[in-house]
Every structure is written in C-alpha cells, then in structure tokens.
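Structure file coords07.cif with mmCIF, C-alpha atoms and all ligand atoms:
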```cif
data_query
loop_
_atom_site.label_atom_id
_atom_site.label_comp_id
_atom_site.auth_asym_id
_atom_site.auth_seq_id
_atom_site.Cartn_x
_atom_site.Cartn_y
_atom_site.Cartn_z
CA MET A 1 16.24 -25.89 -35.82
CA THR A 2 13.01 -27.45 -34.60
CA ARG A 3 10.13 -25.31 -33.47
CA ASP A 4 10.05 -24.41 -29.75
CA PRO A 5 6.50 -25.13 -28.58
CA VAL A 6 6.85 -23.25 -25.26
CA ARG A 7 4.75 -20.08 -25.05
CA GLN A 8 6.69 -16.83 -24.97
CA SER A 9 4.88 -15.68 -21.83
CA ILE A 10 6.06 -18.82 -20.02
CA LYS A 11 9.64 -18.39 -21.18
CA ALA A 12 9.58 -14.85 -19.86
CA LEU A 13 8.70 -15.90 -16.28
CA GLU A 14 11.37 -15.28 -13.65
CA PRO A 15 11.43 -16.59 -10.05
CA ASN A 16 10.17 -13.92 -7.67
CA GLY A 17 12.42 -12.38 -5.04
CA ILE A 18 10.58 -13.83 -2.03
CA GLY A 19 11.28 -17.37 -3.19
CA LEU A 20 14.85 -16.56 -4.20
CA VAL A 21 15.64 -15.35 -0.70
CA ALA A 22 13.64 -17.97 1.20
CA MET A 23 15.24 -20.87 -0.63
CA MET A 24 18.60 -19.74 0.78
CA GLY A 25 17.65 -20.53 4.36
CA LEU A 26 14.23 -22.17 4.62
CA GLY A 27 13.93 -24.29 7.77
CA GLU A 28 17.32 -23.31 9.24
CA LYS A 29 17.06 -23.33 13.01
CA ASP A 30 18.90 -20.15 13.99
CA LEU A 31 17.23 -18.01 11.31
CA ILE A 32 14.12 -15.94 12.14
CA PRO A 33 11.75 -16.27 9.18
CA LEU A 34 9.66 -13.15 8.56
CA TRP A 35 9.60 -13.54 4.77
CA PHE A 36 6.39 -15.45 4.08
CA GLY A 37 2.85 -14.32 4.70
CA GLU A 38 2.20 -16.64 7.59
CA THR A 39 2.11 -16.71 11.36
CA ASP A 40 4.45 -18.87 13.42
CA LEU A 41 1.40 -20.54 15.00
CA VAL A 42 0.59 -24.09 13.98
CA THR A 43 -3.00 -24.55 12.75
CA PRO A 44 -5.20 -24.89 15.87
CA ALA A 45 -5.84 -28.41 17.18
CA PHE A 46 -9.61 -28.39 16.58
CA ILE A 47 -9.01 -27.83 12.86
CA ARG A 48 -6.25 -30.44 12.65
CA ASP A 49 -8.43 -32.91 14.56
CA ALA A 50 -11.29 -32.44 12.11
CA ALA A 51 -9.01 -33.23 9.18
CA LYS A 52 -7.52 -36.23 11.00
CA GLN A 53 -11.01 -37.50 11.76
CA ALA A 54 -11.91 -37.12 8.08
CA LEU A 55 -8.90 -39.24 7.14
CA ASP A 56 -9.84 -41.87 9.71
CA ASP A 57 -13.39 -41.85 8.37
CA GLY A 58 -12.04 -42.67 4.94
CA LYS A 59 -12.62 -39.25 3.35
CA THR A 60 -9.91 -39.92 0.81
CA PHE A 61 -11.96 -40.02 -2.38
CA TYR A 62 -12.88 -37.60 -5.15
CA GLN A 63 -15.61 -35.23 -4.05
CA GLN A 64 -17.80 -32.56 -5.61
CA SER A 65 -15.42 -30.57 -7.81
CA ARG A 66 -16.49 -27.16 -6.47
CA GLY A 67 -16.23 -28.25 -2.83
CA ILE A 68 -18.38 -30.33 -0.49
CA PRO A 69 -21.85 -28.76 -0.10
CA GLN A 70 -21.61 -28.31 3.68
CA LEU A 71 -18.39 -26.30 3.30
CA ARG A 72 -19.86 -24.05 0.61
CA GLU A 73 -22.85 -23.51 2.87
CA ALA A 74 -20.51 -22.68 5.79
CA ILE A 75 -18.71 -20.13 3.58
CA ARG A 76 -22.09 -18.57 2.88
CA GLY A 77 -22.50 -18.28 6.67
CA PHE A 78 -19.05 -16.67 6.95
CA HIS A 79 -20.02 -13.94 4.49
CA LYS A 80 -23.28 -13.35 6.34
CA ARG A 81 -21.47 -13.02 9.67
CA THR A 82 -18.57 -10.87 8.51
CA VAL A 83 -19.94 -8.62 5.76
CA GLY A 84 -23.67 -9.09 6.23
CA VAL A 85 -24.26 -10.35 2.70
CA ASP A 86 -26.08 -13.54 1.74
CA VAL A 87 -23.96 -14.92 -1.09
CA ALA A 88 -25.80 -17.79 -2.78
CA VAL A 89 -23.91 -21.09 -2.64
CA GLU A 90 -24.19 -21.25 -6.44
CA ARG A 91 -21.62 -18.44 -6.50
CA ILE A 92 -19.15 -20.15 -4.19
CA SER A 93 -16.49 -22.51 -5.57
CA LEU A 94 -13.33 -23.97 -4.06
CA PRO A 95 -10.81 -24.58 -6.82
CA GLY A 96 -8.07 -25.61 -4.33
CA ALA A 97 -5.93 -22.87 -2.77
CA ALA A 98 -6.70 -19.14 -3.02
CA THR A 99 -3.73 -18.94 -5.38
CA LEU A 100 -5.62 -21.25 -7.72
CA ALA A 101 -8.71 -19.09 -7.28
CA VAL A 102 -6.64 -16.16 -8.62
CA VAL A 103 -5.48 -18.25 -11.58
CA THR A 104 -9.04 -19.43 -12.20
CA ALA A 105 -10.44 -15.88 -12.31
CA LEU A 106 -7.71 -14.86 -14.75
CA GLN A 107 -8.29 -17.95 -16.90
CA ILE A 108 -11.96 -17.05 -17.10
CA LEU A 109 -11.23 -13.49 -18.20
CA CYS A 110 -8.02 -13.27 -20.19
CA ASP A 111 -7.00 -14.22 -23.68
CA THR A 112 -3.43 -13.68 -24.83
CA GLY A 113 -2.93 -9.98 -25.47
CA ASP A 114 -5.60 -8.81 -23.03
CA ASN A 115 -4.43 -6.75 -20.10
CA VAL A 116 -5.07 -6.62 -16.37
CA VAL A 117 -4.66 -3.47 -14.29
CA ILE A 118 -3.22 -4.34 -10.88
CA VAL A 119 -2.88 -2.04 -7.89
CA SER A 120 0.74 -2.24 -6.75
CA PRO A 121 2.88 -2.92 -4.80
CA ILE A 122 1.34 -6.39 -4.77
CA TRP A 123 2.17 -9.99 -3.92
CA PRO A 124 4.13 -11.22 -6.96
CA SER A 125 2.18 -14.40 -7.66
CA ILE A 126 -0.74 -12.19 -8.66
CA PHE A 127 1.00 -10.55 -11.58
CA GLN A 128 2.91 -13.71 -12.41
CA ALA A 129 -0.41 -15.54 -12.71
CA ALA A 130 -1.61 -12.84 -15.11
CA GLN A 131 1.59 -13.17 -17.14
CA MET A 132 1.16 -16.95 -17.10
CA VAL A 133 -2.22 -16.77 -18.81
CA GLY A 134 -0.72 -14.45 -21.44
CA ALA A 135 -2.10 -11.14 -20.20
CA GLU A 136 -0.18 -7.89 -20.17
CA VAL A 137 0.20 -6.47 -16.66
CA ARG A 138 -0.36 -2.76 -16.07
CA PHE A 139 0.46 -1.51 -12.60
CA ALA A 140 -1.57 1.23 -10.94
CA ARG A 141 0.89 2.29 -8.32
CA LEU A 142 -0.26 3.45 -4.89
CA ASP A 143 1.13 6.84 -3.90
CA ASP A 144 3.06 7.03 -0.66
CA ASP A 145 2.51 10.30 1.12
CA TRP A 146 5.03 10.66 3.94
CA ARG A 147 4.09 14.26 4.66
CA ALA A 148 0.50 13.38 5.46
CA SER A 149 -0.38 13.01 9.09
CA PRO A 150 -0.23 10.10 9.53
CA PRO A 151 1.71 9.03 6.40
CA SER A 152 -0.57 7.10 4.07
CA TRP A 153 -0.96 5.13 0.87
CA SER A 154 -3.50 6.39 -1.61
CA LEU A 155 -4.74 5.34 -5.01
CA ASP A 156 -5.25 7.91 -7.77
CA LEU A 157 -8.33 6.50 -9.49
CA ASP A 158 -8.07 8.72 -12.57
CA LYS A 159 -4.55 7.48 -13.11
CA MET A 160 -5.74 3.90 -12.73
CA PHE A 161 -8.69 4.36 -15.08
CA SER A 162 -6.40 5.93 -17.70
CA LEU A 163 -4.50 2.61 -17.84
CA CYS A 164 -7.65 0.82 -19.03
CA ASP A 165 -8.40 0.33 -22.72
CA ALA A 166 -10.46 -1.94 -24.96
CA ARG A 167 -8.26 -4.94 -24.08
CA THR A 168 -8.55 -4.46 -20.31
CA LYS A 169 -10.36 -7.45 -18.86
CA ALA A 170 -9.92 -6.90 -15.16
CA ILE A 171 -8.92 -4.53 -12.42
CA PHE A 172 -7.21 -6.43 -9.61
CA ILE A 173 -7.49 -4.98 -6.13
CA ASN A 174 -6.07 -6.55 -3.00
CA SER A 175 -7.50 -4.84 0.08
CA PRO A 176 -6.30 -5.04 2.82
CA GLY A 177 -3.16 -5.13 0.74
CA ASN A 178 -0.08 -7.29 0.74
CA PRO A 179 2.53 -5.80 1.32
CA THR A 180 1.19 -2.33 2.27
CA GLY A 181 -1.80 -2.98 4.55
CA TRP A 182 -3.66 -0.31 2.56
CA ILE A 183 -7.47 -0.59 2.63
CA MET A 184 -9.51 0.71 -0.28
CA PRO A 185 -12.19 3.08 1.06
CA ARG A 186 -15.84 2.40 0.25
CA GLU A 187 -16.19 5.53 -1.96
CA GLN A 188 -13.34 4.32 -4.14
CA GLN A 189 -14.92 0.88 -4.40
CA ARG A 190 -18.11 2.49 -5.64
CA ALA A 191 -16.22 4.55 -8.20
CA VAL A 192 -14.34 1.48 -9.44
CA LEU A 193 -17.59 -0.45 -9.69
CA ASP A 194 -19.28 2.34 -11.69
CA PHE A 195 -16.33 2.53 -14.06
CA ALA A 196 -16.06 -1.26 -14.42
CA ARG A 197 -19.78 -1.65 -15.11
CA LYS A 198 -19.73 1.03 -17.80
CA ARG A 199 -16.66 -0.38 -19.49
CA GLY A 200 -17.42 -4.10 -19.21
CA ILE A 201 -14.35 -4.73 -17.08
CA ALA A 202 -14.30 -7.33 -14.32
CA ILE A 203 -13.19 -6.62 -10.76
CA ILE A 204 -11.04 -9.20 -9.03
CA SER A 205 -11.18 -8.37 -5.36
CA ASP A 206 -8.62 -10.24 -3.31
CA GLU A 207 -10.00 -10.25 0.22
CA VAL A 208 -7.77 -12.88 1.81
CA TYR A 209 -6.87 -10.40 4.58
CA GLY A 210 -10.45 -9.12 4.88
CA THR A 211 -10.90 -9.99 8.54
CA LEU A 212 -7.44 -8.78 9.57
CA THR A 213 -8.24 -5.13 10.18
CA PHE A 214 -7.30 -2.95 13.13
CA ASP A 215 -10.20 -0.50 13.21
CA GLY A 216 -12.51 -2.63 15.35
CA LYS A 217 -14.64 -3.76 12.38
CA ALA A 218 -15.27 -7.43 11.59
CA HIS A 219 -14.20 -7.02 7.96
CA ALA A 220 -12.67 -4.42 5.66
CA PRO A 221 -15.09 -2.97 3.06
CA SER A 222 -15.94 -5.80 0.66
CA PHE A 223 -17.08 -5.50 -2.94
CA LEU A 224 -19.72 -8.08 -2.03
CA GLU A 225 -21.55 -5.37 -0.10
CA ILE A 226 -22.13 -3.13 -3.12
CA THR A 227 -22.54 -5.55 -6.03
CA ASP A 228 -25.26 -7.78 -7.50
CA ALA A 229 -25.10 -11.52 -8.07
CA ASP A 230 -24.31 -11.11 -11.75
CA ASP A 231 -21.82 -8.27 -11.63
CA ASN A 232 -18.47 -9.22 -13.11
CA LEU A 233 -17.01 -9.60 -9.66
CA PHE A 234 -14.58 -12.30 -8.54
CA VAL A 235 -13.75 -12.36 -4.85
CA ILE A 236 -10.73 -14.34 -3.71
CA ASN A 237 -10.59 -15.69 -0.17
CA SER A 238 -8.42 -18.10 1.78
CA PHE A 239 -8.23 -20.18 4.91
CA SER A 240 -4.48 -19.58 5.02
CA LYS A 241 -4.16 -16.28 6.80
CA ALA A 242 -6.85 -15.80 9.45
CA TRP A 243 -6.88 -19.47 10.48
CA ALA A 244 -3.13 -20.19 10.21
CA MET A 245 -3.63 -22.77 7.45
CA THR A 246 -1.08 -21.79 4.80
CA GLY A 247 0.12 -25.34 4.17
CA TRP A 248 -3.40 -26.68 3.65
CA ARG A 249 -3.80 -25.04 0.25
CA ILE A 250 -7.47 -24.28 0.50
CA GLY A 251 -9.42 -21.14 -0.35
CA TRP A 252 -12.46 -20.05 -2.32
CA LEU A 253 -13.77 -17.94 -5.14
CA VAL A 254 -17.04 -16.01 -5.26
CA HIS A 255 -18.02 -15.55 -8.90
CA PRO A 256 -20.97 -14.28 -10.95
CA ALA A 257 -24.01 -16.53 -10.60
CA ARG A 258 -24.22 -17.11 -14.35
CA LEU A 259 -20.81 -18.84 -14.38
CA GLU A 260 -21.85 -21.75 -12.18
CA LYS A 261 -21.71 -24.31 -15.00
CA GLN A 262 -18.31 -23.10 -16.23
CA LEU A 263 -16.87 -23.27 -12.72
CA GLY A 264 -17.92 -26.90 -12.52
CA VAL A 265 -15.84 -27.62 -15.61
CA ILE A 266 -12.87 -25.43 -14.68
CA THR A 267 -12.49 -26.80 -11.16
CA ILE A 268 -12.45 -30.33 -12.59
CA ALA A 269 -9.99 -29.44 -15.34
CA ASN A 270 -7.63 -27.53 -13.03
CA ASN A 271 -7.52 -29.75 -9.95
CA THR A 272 -10.62 -31.95 -9.75
CA GLY A 273 -11.50 -29.78 -6.77
CA PRO A 274 -9.87 -29.14 -3.41
CA THR A 275 -8.24 -31.83 -1.24
CA THR A 276 -11.03 -33.81 0.39
CA PHE A 277 -9.82 -34.13 3.99
CA ALA A 278 -8.54 -30.52 4.04
CA GLN A 279 -12.14 -29.43 3.46
CA TYR A 280 -13.20 -30.95 6.76
CA GLY A 281 -10.50 -28.92 8.50
CA ALA A 282 -11.80 -25.84 6.71
CA LEU A 283 -15.32 -26.66 7.87
CA ALA A 284 -14.10 -26.67 11.48
CA ALA A 285 -12.40 -23.31 10.85
CA LEU A 286 -15.82 -21.83 10.07
CA SER A 287 -17.32 -22.99 13.38
CA PRO A 288 -17.79 -20.63 16.37
CA GLN A 289 -14.45 -21.94 17.67
CA GLY A 290 -12.91 -20.83 14.38
CA ASP A 291 -14.42 -17.36 14.78
CA GLN A 292 -12.81 -17.16 18.20
CA PHE A 293 -9.45 -18.19 16.76
CA ARG A 294 -9.78 -15.49 14.10
CA ASP A 295 -10.24 -12.93 16.84
CA GLU A 296 -7.12 -14.23 18.59
CA MET A 297 -5.21 -14.08 15.33
CA ARG A 298 -6.25 -10.47 14.76
CA GLU A 299 -5.10 -9.68 18.31
CA ARG A 300 -1.74 -11.35 17.65
CA CYS A 301 -1.37 -9.14 14.58
CA ARG A 302 -2.34 -6.04 16.55
CA VAL A 303 0.36 -6.81 19.12
CA GLY A 304 2.87 -7.54 16.32
CA ARG A 305 2.05 -4.21 14.71
CA GLU A 306 2.79 -2.43 17.99
CA VAL A 307 6.11 -4.27 18.35
CA VAL A 308 7.10 -2.97 14.91
CA GLN A 309 5.80 0.51 15.74
CA ARG A 310 7.89 0.71 18.92
CA PHE A 311 10.93 -0.47 16.99
CA ILE A 312 10.39 2.14 14.28
CA ASP A 313 9.87 4.89 16.85
CA GLY A 314 13.46 4.31 17.91
CA GLN A 315 14.93 4.37 14.39
CA ASN A 316 16.13 7.18 12.21
CA ARG A 317 16.69 5.24 8.98
CA ILE A 318 13.65 2.98 9.07
CA ARG A 319 10.06 4.17 8.70
CA TRP A 320 6.73 2.78 7.58
CA ILE A 321 3.26 3.73 6.61
CA ARG A 322 1.42 2.13 9.48
CA PRO A 323 -0.73 -0.67 7.99
CA GLU A 324 -4.51 -0.50 8.39
CA GLY A 325 -4.93 -4.22 7.82
CA ALA A 326 -3.23 -7.52 6.90
CA PHE A 327 -0.08 -8.51 8.81
CA TYR A 328 2.86 -6.97 7.03
CA GLY A 329 5.31 -4.22 7.71
CA PHE A 330 6.56 -2.69 4.46
CA LEU A 331 9.63 -1.04 5.90
CA HIS A 332 11.33 1.84 4.14
CA MET A 333 15.08 2.07 4.74
CA ASP A 334 16.94 5.27 4.02
CA GLY A 335 19.97 4.62 1.86
CA LEU A 336 18.85 1.20 0.65
CA THR A 337 19.08 0.82 -3.13
CA ASP A 338 19.06 -2.96 -3.64
CA SER A 339 16.52 -4.77 -1.47
CA LEU A 340 17.28 -8.20 -2.95
CA ALA A 341 20.99 -7.97 -2.15
CA PHE A 342 20.13 -6.72 1.35
CA ALA A 343 17.62 -9.55 1.93
CA ARG A 344 20.22 -12.09 0.79
CA ASP A 345 22.75 -10.61 3.15
CA LEU A 346 20.22 -10.77 5.98
CA VAL A 347 19.95 -14.52 5.43
CA THR A 348 23.64 -15.28 5.25
CA ARG A 349 24.91 -12.83 7.88
CA GLY A 350 21.98 -11.27 9.73
CA ARG A 351 20.09 -14.59 10.20
CA VAL A 352 16.68 -13.07 9.61
CA GLY A 353 14.45 -13.70 6.60
CA VAL A 354 12.66 -10.78 4.91
CA ALA A 355 11.01 -10.35 1.51
CA PRO A 356 12.78 -7.85 -0.75
CA GLY A 357 10.56 -4.91 -1.73
CA SER A 358 11.56 -5.30 -5.37
CA ALA A 359 9.52 -8.52 -5.54
CA PHE A 360 6.23 -6.63 -5.27
CA GLY A 361 6.23 -4.74 -8.56
CA PRO A 362 6.56 -0.97 -8.72
CA SER A 363 6.36 0.65 -5.30
CA THR A 364 7.37 4.27 -5.03
CA ALA A 365 8.82 6.52 -7.71
CA GLU A 366 11.22 8.29 -5.38
CA HIS A 367 12.87 5.32 -3.69
CA PRO A 368 11.97 2.39 -5.90
CA ASP A 369 14.07 -0.24 -4.13
CA ALA A 370 14.29 0.90 -0.52
CA PHE A 371 11.69 -1.42 1.04
CA VAL A 372 11.66 -4.83 2.67
CA ARG A 373 8.56 -6.65 3.85
CA ILE A 374 8.24 -8.52 7.10
CA CYS A 375 5.30 -10.49 8.46
CA PHE A 376 4.46 -9.41 12.01
CA ALA A 377 1.95 -12.16 12.90
CA GLN A 378 4.69 -13.66 15.06
CA ASP A 379 5.68 -14.31 18.61
CA PRO A 380 6.45 -10.76 19.88
CA ALA A 381 9.85 -11.64 21.36
CA LEU A 382 10.99 -13.40 18.20
CA LEU A 383 9.72 -10.51 16.10
CA ALA A 384 11.61 -7.99 18.24
CA GLU A 385 14.78 -10.05 17.86
CA GLY A 386 14.29 -10.23 14.09
CA LEU A 387 13.89 -6.46 13.91
CA ALA A 388 17.03 -5.93 15.99
CA ARG A 389 18.95 -8.10 13.52
CA ILE A 390 17.66 -5.99 10.63
CA GLU A 391 18.80 -2.82 12.42
CA THR A 392 22.28 -4.25 12.96
CA ALA A 393 22.60 -5.29 9.31
CA LEU A 394 21.33 -1.94 8.03
CA ALA A 395 24.10 -0.18 9.92
CA GLY A 396 26.51 -1.82 7.48
CA VAL A 397 24.71 -0.53 4.36
C1 LIG A 401 -2.86 -11.05 -1.69
C2 LIG A 401 -2.81 -12.53 -1.65
N1 LIG A 401 -3.68 -13.22 -2.38
C3 LIG A 401 -3.67 -14.55 -2.39
C4 LIG A 401 -2.77 -15.27 -1.63
C5 LIG A 401 -2.76 -16.74 -1.73
O1 LIG A 401 -3.19 -17.38 -0.59
P1 LIG A 401 -3.01 -18.94 -0.42
O2 LIG A 401 -1.63 -19.16 0.11
O3 LIG A 401 -4.06 -19.31 0.53
O4 LIG A 401 -3.17 -19.58 -1.75
C6 LIG A 401 -1.83 -14.58 -0.86
C7 LIG A 401 -0.80 -15.30 -0.09
O5 LIG A 401 0.16 -14.75 0.39
C8 LIG A 401 -1.85 -13.17 -0.87
O6 LIG A 401 -0.99 -12.45 -0.16
#
```

With the file now loaded, output its structure as structure tokens.
Ligand SMILES: Cc1ncc(COP(=O)(O)O)c(C=O)c1O
Amino acid sequence: MTRDPVRQSIKALEPNGIGLVAMMGLGEKDLIPLWFGETDLVTPAFIRDAAKQALDDGKTFYQQSRGIPQLREAIRGFHKRTVGVDVAVERISLPGAATLAVVTALQILCDTGDNVVIVSPIWPSIFQAAQMVGAEVRFARLDDDWRASPPSWSLDLDKMFSLCDARTKAIFINSPGNPTGWIMPREQQRAVLDFARKRGIAIISDEVYGTLTFDGKAHAPSFLEITDADDNLFVINSFSKAWAMTGWRIGWLVHPARLEKQLGVITIANNTGPTTFAQYGALAALSPQGDQFRDEMRERCRVGREVVQRFIDGQNRIRWIRPEGAFYGFLHMDGLTDSLAFARDLVTRGRVGVAPGSAFGPSTAEHPDAFVRICFAQDPALLAEGLARIETALAGV
C-alpha cells in the first residue's frame, strides 16, 4: 500500500455540531435560525455604501498584506476609545477574518505535540483550529454554580494552571464567552498574566464580543489594559459581531511588537491579506456612525436577553446562567441527554435552529449534554416565537 501523506491530526477532524445541524435547514423560509452567532440585521447601509464605493473606485487590487494603513490606524483609535489603551499600529494586523486571526496566532505558537489550554465550553472552531495545527487541546472547564445567587460560571485558576506543562504554548480565553457569556474578572486576568509570564506561555485573548457587555461599560476587561507591547499576548477581534458583518470575513489580531516582520510574511502566505473592498466597509464601521450602531446593537442584545429571561421565568425545565456579555443563551434543559439529536429534531419538526451544546467541548460534569445555544441578537418577536417552538419540542423529550 502506498504511503498516506495526510497528517493524522487532519484525518482526525470531525465536522462540528453547529454546522451539522445548520446544513439541514440553512435558508429555509419557515425556519427560525438561532444557531449561528449573528444578528438578523443586515450590515448597516453606511458600511455597505463604503464598500460599494470602494468597488466603484476600483479598489479591487492587492493591498498591504497586513491591512490598509488607514484601517489599522482606525483600529488603534477603536482601542483608545473602548479600552483606553494606545496600541501601536505596528502591533495590529488583519489576516482576513477573526477566524484566520485565531489560526494565525496558533500557527505562530504551536508545533506538533505542543498543547493549548482552552477555557470551555467554547466555540468549536477554536479547538478545531488548534487540532488543525497539530496541537493537543486541554480543556479548562468553567464551573456552573446553580446554587449561587444569581447562578454563575466560574473558572478555577489552580485547576487550569495544573493543566499546563513544558509543552503548553498558550492559554486561550474567550471573554465575554461564546456560548456562556461569562466574563473573566480583572483579578483573574492579572493572575493568568503573572503565571503566563513566569512560565513563558502565551495568552490568546479572544475579545470579539468585547463591546457586547450589559454592565454599562464600553468594553469588558481587556488583556490590553494590563500588558506591555512585548508580552506574549495575542488579541483576536472581529467586525462580525458588533457591526453585523459576519459575511464580510474581516477581523484583526493584536500581537507582540517584535513579531511585526513575521506577521508581514504570515499574512501574505495565508491569504495575501484581507479583502480590499471589505476593508473600506470596516473603515466606515469605525467611524462615529459605527460607534452609534454598536450602541444600538448592544441595546438589541439587551432586549433579546430580557426576552429570553422572561421566557425562562415561565419554564420549569429550562434554565440558564444569565449571560454577562456576548449574545448567546446557553440553555440548560432538564431531562435532555442528547443535544445533537434534539437540535436535529428542532430543525425537522420544531422549525427552529439551535446549536447543540455538545459542539462546544466539555461543559458541565453533572449534565454534560443538556444544553443548547441560541443567539438572542434577533428581532424580539421572532426570538419569542423561536423559544416557544423550543418549549413545544422539549415537551416531547
Ligand atoms: C469566540 C469567537 N471567536 C472568533 C469568532 C470568529 O469570528 P469571525 O466570524 O469574524 O471570523 C467567533 C465567531 O463566532 C467566535 O464566537
């Protein structure tokens, strides 16, 4: 038999549950889609117009591989406005989408056989990207405390640190978190930073939901606020969520200053940079009008969160740990033991799309497969109807 050249870590990849369910009913008219991490709002007109104008102006050529200078400068302004930190443009690169920023950070850090410690439950593409580059994934599971008042997620740092060894290259933290809405408190960030500095471990801080918080602050605590320019910190950010631009595939990476040259090479080798005309849309998103849209988006999420809360208040089999940020409800259903089968059934019979909890890596020890995730950044009436359909279907489980 001839040699199989395909890497073992690629052969081991399996489609994640969100995609498996969504492909069953994507685009079907009578189905309410709550499965993806996106609002039902179309990208605002002023952003679309800027990209259209760029096309009409002939912005269809290769550009600077790390992003056009005016966009990188505008991202610098975004960080100043939201977290009060002046991040030098040398540290800002746009590899393409935020997803590619995740892959890029992992490519920079991991050789085959290294490991990455990832706080879970977590959006599956994160750990699949780590597996793709050949790293071993170690999950540091959040604890769900339902007896606390209010119920809360918490991270046991000692437990997480005990997962790290000489082959640990990175700790991956997504805060506010997908799917939980958990926000890592500042004291924990400091402790993680201390540990990571001592051990020569990088921090990958996924802050794509950073501005979607419900505590009145402009941004959740960011690692940018407590680190130096050459710390081994990689911050992931995206235009997708706060500006309703999921289909644009554009996001950015903040990286250590000393890696500027390498990023120039990597962004060329991976994608020759982000899509040119999409960058002009992104530039418009960072204007004052874009800031206003972000505020409206946060408000839409706040309303959506209340719609889910009211629904849950009337349930006896469905509960949640009320999210502090992002735009997801990670709903716990008493008696559910197979979230993928339930999500499939919701597509075929319930006509509502949810993401099965099993897609997000280990969640809770007690009820490992009793969750589904919904995105609540939706029209409130449609959201309420989707929830009612879930309730009806659950009655049959
Ligand atoms: C935690 C997290 N990181 C990164 C991304 C990727 O964002 P994008 O779609 O902009 O590539 C997502 C998207 O859902 C996400 O939830």

Task: All residues 12 Å or closer to Phe371 (chain A), all atoms listed in the file, same chain fewer than 4 positions away omitted, as number ranges by chain - done: A: 121, 179-180, 317-321, 329-343, 354-364, 366-367, 394

TODO: Compute the set of protein, DNA and RNA residues whose minimum atom distance to ligand LIG 401 (chain A) is at most 8 Å, using only C-alpha atoms and all ligand atoms, and state it as number ranges by chain.
DONE: A: 36-38, 97-102, 122-123, 125-126, 174-175, 177-179, 206-209, 236-241, 245-247, 249-251

Open item on the list: For a test of reading the model, state the distance in Å between CA of Asp86 (chain A) and CA of Asp228 (chain A), rounded to one decimal.
Closed with: 10.9 Å

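Residues lying within 8 Å of Ile204 (chain A), counting all atoms listed in the file and ignoring same-chain neighbours fewer than 3 positions away, are A:Ala105, A:Ala170, A:Ile171, A:Phe172, A:Ile173, A:Leu233, A:Phe234, A:Val235, A:Ile236.
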
- [ ] Just the residues within 12 Å of region 380-390 of chain A, please, counting only C-alpha atoms, with nothing from its chain fewer than 4 positions along; format it as a VMD selection string.
- [x] chain A and resid 30 to 35 39 to 40 299 to 312 314 to 315 317 to 318 328 to 329 331 to 333 342 to 354 372 to 376 394 to 397

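CA of Gly113 (chain A) sits 23.0 Å away from CA of Ala269 (chain A).
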
Open item on the list: I'd like to know which of A:Phe293, A:Thr112, A:Trp252, A:Ile203 is closest to Gly273 (chain A), using only C-alpha atoms.
Closed with: A:Trp252

Task: CA of Pro274 (chain A) to CA of Gly96 (chain A), distance in Å rounded to a single decimal - done: 4.1 Å

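Across A:Lys198, A:Lys217, A:Lys159, A:Arg258, the tightest approach to Asp295 (chain A) is made by A:Lys217 when counting all atoms listed in the file.
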
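With all atoms listed in the file as the basis for measurement, A:Gln279 is the residue among A:Thr168, A:Gln279, A:Trp243, A:Lys52 that approaches Gln64 (chain A) most closely.
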
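Here the question is which of A:Ala282, A:Ala148, A:Leu193, A:Ala166 gets nearest to Ile68 (chain A) using all atoms listed in the file, and that residue is A:Ala282.
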
Open item on the list: I'd like to know which of A:Ala218, A:Cys164, A:Ala244, A:Ala257 is closest to Ala377 (chain A), using only C-alpha atoms.
Closed with: A:Ala244

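For the choices A:Ser205, A:Pro5, A:Val42, A:Arg199, the atom-to-atom distance to Leu253 (chain A) is smallest for A:Ser205 when using all atoms listed in the file.
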
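By chain and then residue number, the residues within 10 Å of Pro15 (chain A) are Leu13, Gly17, Ile18, Gly19, Leu20, Pro124, Ser125, Gln128 and Ala359 of chain A, counting only C-alpha atoms and disregarding those fewer than 2 positions away in sequence.
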